[in-house]
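Just below is one structure, and these are the notes that go with it.
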Amino acid sequence: MRKRPEPGLLTVKTKGNGMLSFSREIGKNRVLYLMMLPSLAFFAIFAYAPLVGLYYAFINFNFIGGLFGSPFVGLKNFEFLFFGGAHAVVWRLTLNTVLYNLAFIFIGNGLQCFTAIILNDIRGRIYKRTTQSIMLLPYFVSFVIVGAIAYSIFNFELGSLNSVLKVFGIKPVNVYMLPSVWKYILVFFNTWKGLGYGTIIYLAAIMGIDREMYEASELDGCNIFQQIRYITLPLLKPTFIMLVLFSLGGIMRGQFDLFYQLIGNNGILFNATDILDTYIYRSLVINFNVSTGTAAGLYQSLFGFAAVMIVNAIIRKINKENALF
Amino acid sequence: MSKVKDKIFSARSVFDGFGYFYLTLIGLLCLIPFLLVLAGSFTANQVIIQYGYSIIPRELSLDAYKAIFLFPEKIISAYEVSILVTTTGTVVGVFFMSMAGYALQRKELKYANKISFFIYFTTLFNCGLIPWYLLIVGLGMKDTLLALIVPSLESAFSILLIRNFMRSVPESIIESAKIDGAGDFFIFRRIVIPLSTPVIATVGLFLALQYWNDWYSTSLFVPTSSKWPLQYLLYKTISAQFVALSAAAASYFRKGTMPTESVKLATAVVTTGPIILLYPFLQKYFVRGITIGAVKG
């Protein structure tokens, strides 16, 4: 963050009486403070006020008692999630959330980087622009459409996958009964949806590379592969590392839209596809298990907070300028 | 010398060959799923039920579209909701966020850094879905369009993005306007906003996209089908929990001839089509916006 210069000549330095200096500051800049008031109110109401609700995680919620009248149970809800025998879902959910995100991050960034390099060096302006537009199209549509696409491909009776299999005389498969294939399907659709977006970011990074380096290397007899290997890739590495690190900060936040639109409440696939976000959503919408759901959410937030802190510390070490805070 | 040039040239053709192949493949992969949906919507329902979906319809039929356009009440109402939610949310959200972004970058503000942190902290730690949900229900927003608009109005990242962009507005312009007696709001509206259109357009565009594609808030807060936006109507139609057509449509088609399957995909086309038509025009703003947003917020 940029360092602020000392206040201008017109500000009177007041020390000592905190309350007085506070009201003087507000009074002097009341228009500016009024301008940020809607946003302050927004975050106070929708981000800070519900923090009180974290208390749900420590009670056994019932409708009559509500937030403050239900019996206090301490860490019972967490115990249930972590060690509740068959209900100890946290391990599986955490593993799924983290592993899926790792696959999304590394495969996504890798492909985006690769595509950007090729797109940058390919000849033909119109071809280049058209491909780029088509690649961004999946980013533009909602996950409901992604769900519709998956439905039209994988539906057991009607899906085009089985139509194709039938043509080749292969027995049709019911993908919605096969937990093992979903990791590939989910990774595919996530990569598919994010490819255009990420490619644009990497493309912008490549455009930032000094053209003279390429010209000089050409004079020295470098071919295009050598240019990519010795100029583009090394200079893209910092961008790649930064983008991967930023995404790793969100490793505990699942891609709820993707998972829910493709899988919904299909219990057969839960072992392979249930993530924290879908579990919490179901505990609210289907089971109305407020306390357990809040406990799982609090666990996710704390773990996620730790992830951001670690990532930020790493980024600070590499390059202070790029650190989040 | 010419030998080296030849080598460069042949490497170039290998690269070009592979590049065109790869990019065309990626392009097709991005396009074909949409064509599948489009083709399915134009296929006769009987054919779908017998043979399944395919990319080239065995038998063309407009039944699904006939069913939708003859009885469009539900889809029109969903369009109205989507347009209302998207425009209101985007206009109000962008207005609030740019005001905050402007105020937060003013140097004379003593608490600016503290307030920035107050806003930024919400991205680091949050209360999770359930307390947030219960608060919004507690505020009485359940089953109202407010629940679709208000909770998604602002995002911390957008505010900080706007703030950082507005820092590049030369201080001297603002100072001289102040000397001429302009108030802060006047400076914001007449000087800073016009100089910050790229970032405001970016934030607005992404916020509008988020509102338009949102189905999640509806699934949480709005059970009444007449208040559903397009995406949720589509979701319910695809998952066969809801028929996008009215009872009148059901009686129009003779028993068993209602194009149940093709209507699902036709609904997808009708709800997404107009946006896809807008896409070529919006595309370049998105590309610009992604590049602006990629600069650290």
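By order of appearance in the structure tokens: chains A, B, ..., then residues from 1 within every chain, and ligands from 1 in the order shown.
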
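Near segment 145-149 of chain A, within 7 Å and counting only C-alpha atoms, sit Gln261 and Leu262 of chain A; Pro33, Val37, Ile238 and Ala268 of chain B, not including residues fewer than 5 positions from it in the same chain.
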
Written selection (C-alpha atoms) as a JSON list (two decimals), in the first residue's frame:
```
[["chain", "number", "residue", "atom", "x", "y", "z"],
["A", 261, "GLN", "CA", -25.30, -27.26, -10.99],
["A", 262, "LEU", "CA", -23.57, -30.39, -12.24],
["B", 33, "PRO", "CA", -21.45, -27.62, -26.07],
["B", 37, "VAL", "CA", -27.98, -27.26, -26.68],
["B", 238, "ILE", "CA", -33.80, -28.35, -16.65],
["B", 268, "ALA", "CA", -31.92, -22.45, -22.24]]
```

What are the closest atom pairs, with distances in Å to one decimal, for each residue of chain B lying within 7 Å of chain A, using only C-alpha atoms, rows by chain and rising residue number, as JSON lines?
```
{"residue": "B:Val4", "atom": "CA", "partner": "A:Gly221", "partner_atom": "CA", "distance": 6.3}
{"residue": "B:Ile8", "atom": "CA", "partner": "A:Asn223", "partner_atom": "CA", "distance": 4.6}
{"residue": "B:Ala11", "atom": "CA", "partner": "A:Asn223", "partner_atom": "CA", "distance": 6.2}
{"residue": "B:Arg12", "atom": "CA", "partner": "A:Ile224", "partner_atom": "CA", "distance": 6.1}
{"residue": "B:Asp16", "atom": "CA", "partner": "A:Ile122", "partner_atom": "CA", "distance": 6.3}
{"residue": "B:Gly19", "atom": "CA", "partner": "A:Ile118", "partner_atom": "CA", "distance": 5.9}
{"residue": "B:Leu23", "atom": "CA", "partner": "A:Thr131", "partner_atom": "CA", "distance": 6.9}
{"residue": "B:Gly27", "atom": "CA", "partner": "A:Thr131", "partner_atom": "CA", "distance": 5.9}
{"residue": "B:Cys30", "atom": "CA", "partner": "A:Met135", "partner_atom": "CA", "distance": 6.0}
{"residue": "B:Leu31", "atom": "CA", "partner": "A:Ile134", "partner_atom": "CA", "distance": 6.8}
{"residue": "B:Pro33", "atom": "CA", "partner": "A:Ile149", "partner_atom": "CA", "distance": 6.1}
{"residue": "B:Val37", "atom": "CA", "partner": "A:Ile149", "partner_atom": "CA", "distance": 6.4}
{"residue": "B:Ile48", "atom": "CA", "partner": "A:Leu158", "partner_atom": "CA", "distance": 6.4}
{"residue": "B:Ile49", "atom": "CA", "partner": "A:Leu158", "partner_atom": "CA", "distance": 6.3}
{"residue": "B:Tyr51", "atom": "CA", "partner": "A:Ser163", "partner_atom": "CA", "distance": 6.5}
{"residue": "B:Gly52", "atom": "CA", "partner": "A:Leu158", "partner_atom": "CA", "distance": 3.8}
{"residue": "B:Tyr53", "atom": "CA", "partner": "A:Ser160", "partner_atom": "CA", "distance": 4.7}
{"residue": "B:Ser54", "atom": "CA", "partner": "A:Ser160", "partner_atom": "CA", "distance": 5.3}
{"residue": "B:Phe96", "atom": "CA", "partner": "A:Ser39", "partner_atom": "CA", "distance": 6.2}
{"residue": "B:Met97", "atom": "CA", "partner": "A:Ser39", "partner_atom": "CA", "distance": 6.7}
{"residue": "B:Met99", "atom": "CA", "partner": "A:Met35", "partner_atom": "CA", "distance": 5.4}
{"residue": "B:Ala100", "atom": "CA", "partner": "A:Met36", "partner_atom": "CA", "distance": 4.2}
{"residue": "B:Ala103", "atom": "CA", "partner": "A:Leu32", "partner_atom": "CA", "distance": 5.2}
{"residue": "B:Lys107", "atom": "CA", "partner": "A:Arg4", "partner_atom": "CA", "distance": 6.9}
{"residue": "B:Glu108", "atom": "CA", "partner": "A:Pro7", "partner_atom": "CA", "distance": 5.7}
{"residue": "B:Ile119", "atom": "CA", "partner": "A:Phe43", "partner_atom": "CA", "distance": 6.8}
{"residue": "B:Thr122", "atom": "CA", "partner": "A:Ala47", "partner_atom": "CA", "distance": 6.2}
{"residue": "B:Leu124", "atom": "CA", "partner": "A:Phe305", "partner_atom": "CA", "distance": 5.7}
{"residue": "B:Phe125", "atom": "CA", "partner": "A:Phe305", "partner_atom": "CA", "distance": 5.9}
{"residue": "B:Asn126", "atom": "CA", "partner": "A:Ser301", "partner_atom": "CA", "distance": 6.2}
{"residue": "B:Cys127", "atom": "CA", "partner": "A:Leu51", "partner_atom": "CA", "distance": 5.1}
{"residue": "B:Gly128", "atom": "CA", "partner": "A:Gly297", "partner_atom": "CA", "distance": 4.9}
{"residue": "B:Leu129", "atom": "CA", "partner": "A:Gly297", "partner_atom": "CA", "distance": 6.8}
{"residue": "B:Ile130", "atom": "CA", "partner": "A:Thr294", "partner_atom": "CA", "distance": 5.8}
{"residue": "B:Pro131", "atom": "CA", "partner": "A:Gly53", "partner_atom": "CA", "distance": 4.7}
{"residue": "B:Trp132", "atom": "CA", "partner": "A:Pro50", "partner_atom": "CA", "distance": 5.4}
{"residue": "B:Leu135", "atom": "CA", "partner": "A:Pro50", "partner_atom": "CA", "distance": 6.1}
{"residue": "B:Pro151", "atom": "CA", "partner": "A:Phe46", "partner_atom": "CA", "distance": 6.7}
{"residue": "B:Asp184", "atom": "CA", "partner": "A:Val31", "partner_atom": "CA", "distance": 6.5}
{"residue": "B:Asn213", "atom": "CA", "partner": "A:Ser142", "partner_atom": "CA", "distance": 4.8}
{"residue": "B:Gln231", "atom": "CA", "partner": "A:Val144", "partner_atom": "CA", "distance": 6.5}
{"residue": "B:Tyr235", "atom": "CA", "partner": "A:Val144", "partner_atom": "CA", "distance": 5.8}
{"residue": "B:Ile238", "atom": "CA", "partner": "A:Ala148", "partner_atom": "CA", "distance": 6.4}
{"residue": "B:Ala268", "atom": "CA", "partner": "A:Ile145", "partner_atom": "CA", "distance": 6.8}
{"residue": "B:Gln283", "atom": "CA", "partner": "A:Ser133", "partner_atom": "CA", "distance": 6.9}
{"residue": "B:Val287", "atom": "CA", "partner": "A:Ile200", "partner_atom": "CA", "distance": 6.8}
{"residue": "B:Ile290", "atom": "CA", "partner": "A:Ile201", "partner_atom": "CA", "distance": 6.9}
{"residue": "B:Thr291", "atom": "CA", "partner": "A:Ile201", "partner_atom": "CA", "distance": 6.0}
{"residue": "B:Ala294", "atom": "CA", "partner": "A:Ile201", "partner_atom": "CA", "distance": 6.5}
```

* To do: Could you please determine the separation between atom CA of Val181 of chain A and atom CA of Ile32 of chain B in Å, to one decimal place?
  => 20.9 Å

* Asked: Of the residues B:Pro194, B:Ala44, B:Ile149, B:Leu160, which is the one nearest to Ile115 of chain B, using only C-alpha atoms?
  ->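 So, comparing all the options, the nearest one is B:Leu160.
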
* To do: Return as an NGL selection string the full set of residues in segment 47-268 of chain B whose backbone-based DSSP assignment is alpha helix (DSSP H).
  => :B and (47-51 or 63-70 or 73-104 or 112-124 or 129-138 or 146-149 or 156-166 or 171-179 or 184-187 or 193-195 or 197-212 or 216-221 or 230-238 or 247-252 or 260-268)

* Selection: 9 Å around Pro223 of chain B, only C-alpha atoms, excl. self and same-chain fewer than 5 positions, as number ranges by chain -> B: 142-143, 218, 228

Would you save the residues from that selection as a PDB file, in the first residue's frame, using C-alpha atoms?
```
ATOM      1  CA  LYS B 142     -37.358 -13.459   2.457  1.00  0.00           C
ATOM      2  CA  ASP B 143     -39.438 -13.885  -0.683  1.00  0.00           C
ATOM      3  CA  THR B 218     -33.160 -17.087  -5.601  1.00  0.00           C
ATOM      4  CA  TRP B 228     -37.994 -15.940 -10.207  1.00  0.00           C
TER       5      TRP B 228
END
```

* Between atom CA of Ser226 of chain B and atom CA of Glu261 of chain B, what is the distance, to one decimal in Å? ->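 Here the two named atoms are 22.5 Å from each other.
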
* 12 Å contact set for Leu178 of chain A, only C-alpha atoms, chain neighbours under 2 positions out, as a PyMOL selection string -> chain A and resi 154+156+173-176+180-185+263+266-273

* What gap, in Å, lies between atom CA of Ile59 of chain A and atom CA of Gly74 of chain A? ->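 Distance between the two atoms: 6.8 Å.
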